[in-house]
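With mmCIF, C-alpha atoms and all ligand atoms inside, this is my_file.cif:
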data_target
loop_
_atom_site.label_atom_id
_atom_site.label_comp_id
_atom_site.auth_asym_id
_atom_site.auth_seq_id
_atom_site.Cartn_x
_atom_site.Cartn_y
_atom_site.Cartn_z
CA MET A 1 -89.19 75.06 83.78
CA GLU A 2 -87.37 71.75 84.01
CA LYS A 3 -86.37 69.76 80.92
CA THR A 4 -86.18 66.01 80.46
CA LEU A 5 -85.15 63.71 77.63
CA VAL A 6 -87.67 61.13 76.47
CA LEU A 7 -87.11 58.30 74.00
CA ILE A 8 -89.92 56.40 72.33
CA LYS A 9 -88.09 53.11 71.80
CA PRO A 10 -88.00 50.84 68.71
CA ASP A 11 -90.67 48.43 70.05
CA ALA A 12 -93.20 51.26 70.33
CA MET A 13 -92.11 52.82 67.03
CA GLU A 14 -92.50 49.47 65.22
CA ARG A 15 -96.00 49.10 66.69
CA LYS A 16 -96.91 52.60 65.44
CA LEU A 17 -97.51 53.93 68.97
CA MET A 18 -95.46 57.12 68.54
CA GLY A 19 -98.45 59.43 68.02
CA GLU A 20 -100.46 57.87 70.82
CA ILE A 21 -97.58 58.18 73.29
CA ILE A 22 -96.79 61.79 72.29
CA SER A 23 -100.45 62.60 72.69
CA ILE A 24 -100.41 61.31 76.30
CA TYR A 25 -97.67 63.83 77.17
CA GLU A 26 -99.47 66.62 75.28
CA LYS A 27 -102.86 65.92 76.85
CA LYS A 28 -101.20 66.13 80.26
CA GLY A 29 -100.25 69.69 79.29
CA LEU A 30 -96.50 69.16 78.92
CA HIS A 31 -94.57 71.20 76.36
CA ILE A 32 -92.53 69.38 73.71
CA SER A 33 -89.73 71.77 72.75
CA ALA A 34 -87.72 69.44 70.48
CA LEU A 35 -88.46 66.24 68.61
CA LYS A 36 -86.60 64.06 66.12
CA ILE A 37 -86.78 60.57 64.66
CA ILE A 38 -83.39 58.89 64.48
CA LYS A 39 -81.96 55.39 64.00
CA PRO A 40 -79.25 55.59 66.66
CA SER A 41 -75.65 54.56 66.04
CA ILE A 42 -73.92 52.15 68.44
CA GLU A 43 -71.88 55.15 69.67
CA ILE A 44 -75.01 57.11 70.61
CA ALA A 45 -76.58 54.05 72.28
CA GLU A 46 -73.46 53.19 74.29
CA SER A 47 -73.01 56.75 75.38
CA HIS A 48 -76.69 57.08 76.38
CA TYR A 49 -76.55 53.86 78.44
CA ILE A 50 -72.98 54.39 79.77
CA GLU A 51 -74.05 53.87 83.39
CA HIS A 52 -75.21 50.33 82.51
CA LYS A 53 -71.89 49.36 80.88
CA GLY A 54 -70.68 46.12 82.48
CA LYS A 55 -74.18 44.94 83.43
CA PRO A 56 -75.28 41.58 81.98
CA PHE A 57 -78.03 43.20 79.90
CA PHE A 58 -75.88 46.01 78.41
CA LYS A 59 -75.31 44.35 75.02
CA GLU A 60 -79.01 43.46 74.74
CA LEU A 61 -79.88 47.07 75.58
CA VAL A 62 -77.61 48.49 72.86
CA ASN A 63 -78.77 45.92 70.28
CA PHE A 64 -82.39 46.74 71.02
CA ILE A 65 -82.16 50.54 70.94
CA THR A 66 -80.15 50.47 67.68
CA ARG A 67 -82.41 48.01 65.85
CA GLY A 68 -84.76 50.65 64.47
CA GLU A 69 -86.02 54.18 64.69
CA VAL A 70 -86.33 56.03 67.99
CA CYS A 71 -88.29 59.23 68.59
CA ALA A 72 -86.29 61.56 70.86
CA LEU A 73 -88.10 64.42 72.60
CA ILE A 74 -87.26 67.19 75.00
CA ILE A 75 -90.19 67.78 77.33
CA GLU A 76 -90.47 70.92 79.45
CA ALA A 77 -92.64 71.37 82.53
CA ASP A 78 -92.42 72.11 86.22
CA ASN A 79 -90.94 68.94 87.75
CA ALA A 80 -90.76 67.39 84.26
CA ILE A 81 -88.28 64.67 85.30
CA GLU A 82 -90.38 63.20 88.11
CA LEU A 83 -93.67 63.77 86.30
CA VAL A 84 -92.64 62.03 83.08
CA ARG A 85 -91.12 59.10 84.98
CA LYS A 86 -94.44 58.65 86.81
CA MET A 87 -96.31 58.82 83.51
CA ASN A 88 -93.94 56.25 81.98
CA GLY A 89 -94.32 53.81 84.91
CA ALA A 90 -91.90 51.33 86.45
CA THR A 91 -89.12 49.80 84.32
CA ASN A 92 -90.61 46.34 84.70
CA PRO A 93 -94.11 46.45 83.15
CA LEU A 94 -95.23 43.90 85.75
CA ASP A 95 -94.63 46.55 88.43
CA ALA A 96 -95.93 49.47 86.37
CA ASP A 97 -99.24 51.09 87.17
CA MET A 98 -101.64 49.82 84.48
CA GLY A 99 -102.59 53.41 83.63
CA SER A 100 -98.97 54.34 82.89
CA ILE A 101 -97.43 54.21 79.42
CA ARG A 102 -95.44 51.04 80.20
CA GLY A 103 -98.46 49.59 82.02
CA GLN A 104 -100.56 50.09 78.91
CA PHE A 105 -98.09 49.29 76.15
CA ALA A 106 -95.16 47.18 77.41
CA VAL A 107 -94.77 43.54 78.43
CA SER A 108 -90.99 43.25 78.77
CA LYS A 109 -88.33 44.82 80.99
CA SER A 110 -86.00 45.42 78.05
CA GLU A 111 -88.61 46.34 75.41
CA ASN A 112 -90.54 48.78 77.53
CA ALA A 113 -91.69 51.44 75.04
CA VAL A 114 -90.18 54.58 76.58
CA HIS A 115 -87.19 56.02 78.40
CA SER A 116 -86.90 59.23 80.37
CA SER A 117 -84.06 60.83 82.31
CA ASP A 118 -83.87 59.88 85.98
CA CYS A 119 -82.23 63.06 87.35
CA ALA A 120 -81.25 66.59 86.30
CA GLU A 121 -77.63 65.63 85.68
CA ASN A 122 -78.61 62.78 83.35
CA ALA A 123 -81.22 64.96 81.61
CA GLU A 124 -78.46 67.46 80.70
CA ARG A 125 -76.11 64.67 79.62
CA GLU A 126 -78.75 62.84 77.55
CA MET A 127 -80.08 66.00 75.86
CA LYS A 128 -76.52 66.72 74.63
CA ILE A 129 -76.26 63.20 73.18
CA TRP A 130 -79.57 63.26 71.29
CA PHE A 131 -79.73 66.99 70.48
CA PRO A 132 -76.09 68.15 70.14
CA GLU A 133 -77.28 71.02 67.89
CA ILE A 134 -79.32 72.67 70.66
P1 LIG A 201 -84.51 52.76 80.47
O1 LIG A 201 -85.39 53.69 81.22
O2 LIG A 201 -84.32 53.00 79.02
O3 LIG A 201 -83.08 52.73 81.17
C1 LIG A 201 -82.28 51.58 81.28
C2 LIG A 201 -82.92 50.40 80.65
O4 LIG A 201 -82.32 49.17 80.94
C3 LIG A 201 -84.31 50.28 81.17
O5 LIG A 201 -85.11 51.28 80.62
C4 LIG A 201 -84.68 48.87 80.76
O6 LIG A 201 -85.26 48.83 79.46
C5 LIG A 201 -83.32 48.19 80.73
N1 LIG A 201 -83.21 47.21 81.79
C6 LIG A 201 -83.16 47.44 83.12
N2 LIG A 201 -83.03 46.27 83.78
C7 LIG A 201 -82.99 45.30 82.83
C8 LIG A 201 -82.86 43.88 82.89
N3 LIG A 201 -82.73 43.24 84.06
N4 LIG A 201 -82.86 43.20 81.73
C9 LIG A 201 -82.97 43.86 80.56
N5 LIG A 201 -83.10 45.20 80.44
C10 LIG A 201 -83.12 45.90 81.57
#

Using structure tokens, write down the structure that the file contains.
Amino acid sequence: MEKTLVLIKPDAMERKLMGEIISIYEKKGLHISALKIIKPSIEIAESHYIEHKGKPFFKELVNFITRGEVCALIIEADNAIELVRKMNGATNPLDADMGSIRGQFAVSKSENAVHSSDCAENAEREMKIWFPEI
């Protein structure tokens, strides 16, 4: 079984979409093996988005993800990384399949409801940031 790290971001949390989004993963048959609600520190946010450091939108990204609560999940399934990214949809909601989570719930490239790891190496790295106790 492969593991991936998912974040339900502050925009979706503020709009009370947490349950609906979790239910999409569950109805697909994916296993949620860890879950927590956390208001991330700047340190956690900067370390999570380290590969975007230096990009023009980095500060906006950190300000956004730290502005409120985030729901962090570890999802386990065969091919979890690719599967969850397909379910989430493209980063830009304009490009996202309208049936995807971002296609349904997001209108902005920065406030786009969910995050999930893009490769096995980042999944390991991100799980350690959000779930250091595991
Ligand atoms: P996420 O999957 O969390 O990983 C990196 C995030 O950077 C991405 O989702 C977007 O929310 C954000 N992002 C990517 N490109 C841009 C951009 N051009 N402007 C603002 N935010 C962006």

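For the point (-83.0, 55.6, 61.1), the residues with an atom at a distance of at most 8 Å are Ile37, Ile38, Lys39, Pro40, Gly68, Glu69 and Val70 of chain A, counting only C-alpha atoms.
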
| Would you name the residues within 8 Å of ligand LIG 201 (chain A), counting all atoms listed in the file, and put them as a list in words? |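 Counting all atoms listed in the file, the residues within 8 Å of ligand LIG 201 (chain A) come out as Leu7, Tyr49, His52, Pro56, Phe57, Phe58, Glu60, Leu61, Thr91, Asn92, Lys109, Ser110, Glu111, Asn112, Val114, His115, Ser116, Ser117 and Asp118 of chain A.
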
| said: I'd like the neighbourhood of Ile101 (chain A) as a list of chain:residue names, where a residue qualifies if any of its atoms comes within 9 Å (using only C-alpha atoms), though same-chain residues fewer than 2 positions away should be ignored. | reply: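 Surrounding residues, per the criterion: A:Ile21, A:Ile24, A:Met87, A:Asn88, A:Gly89, A:Ala96, A:Asp97, A:Met98, A:Gly99, A:Gly103, A:Gln104, A:Phe105, A:Ala106, A:Asn112, A:Ala113, A:Val114.
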
| Counting only C-alpha atoms, which of A:Ile42, A:Ser33, A:Pro132, A:Phe64 gets nearest to Lys9 (chain A)? | A:Phe64

| For CA of Ala123 (chain A) and CA of Asp95 (chain A), the interatomic separation in Å (one decimal) |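 Atom-to-atom, CA of Ala123 (chain A) to CA of Asp95 (chain A), that is 23.8 Å.
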
| task | Give me, please, the distance in Å between CA of Ala12 (chain A) and CA of His31 (chain A), quoted to one decimal. | result |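 Computing the Euclidean distance for CA of Ala12 (chain A) and CA of His31 (chain A) yields 20.9 Å.
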
| request: Calculate how many Å separate CA of Ser41 (chain A) from CA of Lys16 (chain A), rounding to one decimal. | output: 21.4 Å

| query | Excluding same-chain residues fewer than 2 positions from region 45-48 of chain A, what lies within 7 Å of it counting all atoms listed in the file, as a ChimeraX atom specification? | reply | /A:40-43,50,62,65-66,126,129

Keeping C-alpha atoms for every residue in the selection just given, could you write it to a file as a PDB file, in the frame of the given file?
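Listed below is the output, result-v1.pdb:
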ATOM      1  CA  PRO A  40     -79.250  55.590  66.660  1.00  0.00           C
ATOM      2  CA  SER A  41     -75.650  54.560  66.040  1.00  0.00           C
ATOM      3  CA  ILE A  42     -73.920  52.150  68.440  1.00  0.00           C
ATOM      4  CA  GLU A  43     -71.880  55.150  69.670  1.00  0.00           C
ATOM      5  CA  ILE A  50     -72.980  54.390  79.770  1.00  0.00           C
ATOM      6  CA  VAL A  62     -77.610  48.490  72.860  1.00  0.00           C
ATOM      7  CA  ILE A  65     -82.160  50.540  70.940  1.00  0.00           C
ATOM      8  CA  THR A  66     -80.150  50.470  67.680  1.00  0.00           C
ATOM      9  CA  GLU A 126     -78.750  62.840  77.550  1.00  0.00           C
ATOM     10  CA  ILE A 129     -76.260  63.200  73.180  1.00  0.00           C
TER      11      ILE A 129
END

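The nearest approach to Lys28 (chain A) among the residues A:Ala80, A:Met13, A:Met127, A:Met1, with all atoms listed in the file taken into account, belongs to A:Ala80.
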
| said: My list of candidates is A:Phe131, A:Ala72, A:Arg125, A:Ile22. Which is closest to Glu51 (chain A) when distances are computed with only C-alpha atoms? | reply: A:Arg125

Counting only C-alpha atoms, find the residues whose atoms lie at most 6 Å from (-90.4, 69.2, 82.2) (file coordinates) and write them out as a PDB file with C-alpha atoms, in the coordinates of the input.
ATOM      1  CA  GLU A   2     -87.370  71.750  84.010  1.00  0.00           C
ATOM      2  CA  LYS A   3     -86.370  69.760  80.920  1.00  0.00           C
ATOM      3  CA  THR A   4     -86.180  66.010  80.460  1.00  0.00           C
ATOM      4  CA  ILE A  75     -90.190  67.780  77.330  1.00  0.00           C
ATOM      5  CA  GLU A  76     -90.470  70.920  79.450  1.00  0.00           C
ATOM      6  CA  ALA A  77     -92.640  71.370  82.530  1.00  0.00           C
ATOM      7  CA  ASP A  78     -92.420  72.110  86.220  1.00  0.00           C
ATOM      8  CA  ASN A  79     -90.940  68.940  87.750  1.00  0.00           C
ATOM      9  CA  ALA A  80     -90.760  67.390  84.260  1.00  0.00           C
ATOM     10  CA  ILE A  81     -88.280  64.670  85.300  1.00  0.00           C
TER      11      ILE A  81
END

| field | Residue with smallest distance to Ala90 (chain A) - pool A:Lys36, A:Glu124, A:Ile74, A:Val107, counting all atoms listed in the file | value | A:Val107

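Each of A:Cys71, A:Ala34, A:Leu5, A:Ala120 was checked against Gly19 (chain A) using all atoms listed in the file; the smallest atom-to-atom distance is that of A:Cys71.
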
| request: For each of A:Arg67, A:Ser108, A:Leu73, A:Gly54, take the minimum atom-to-atom distance to Val6 (chain A), counting only C-alpha atoms, then give the residue where this is smallest. | output: A:Leu73
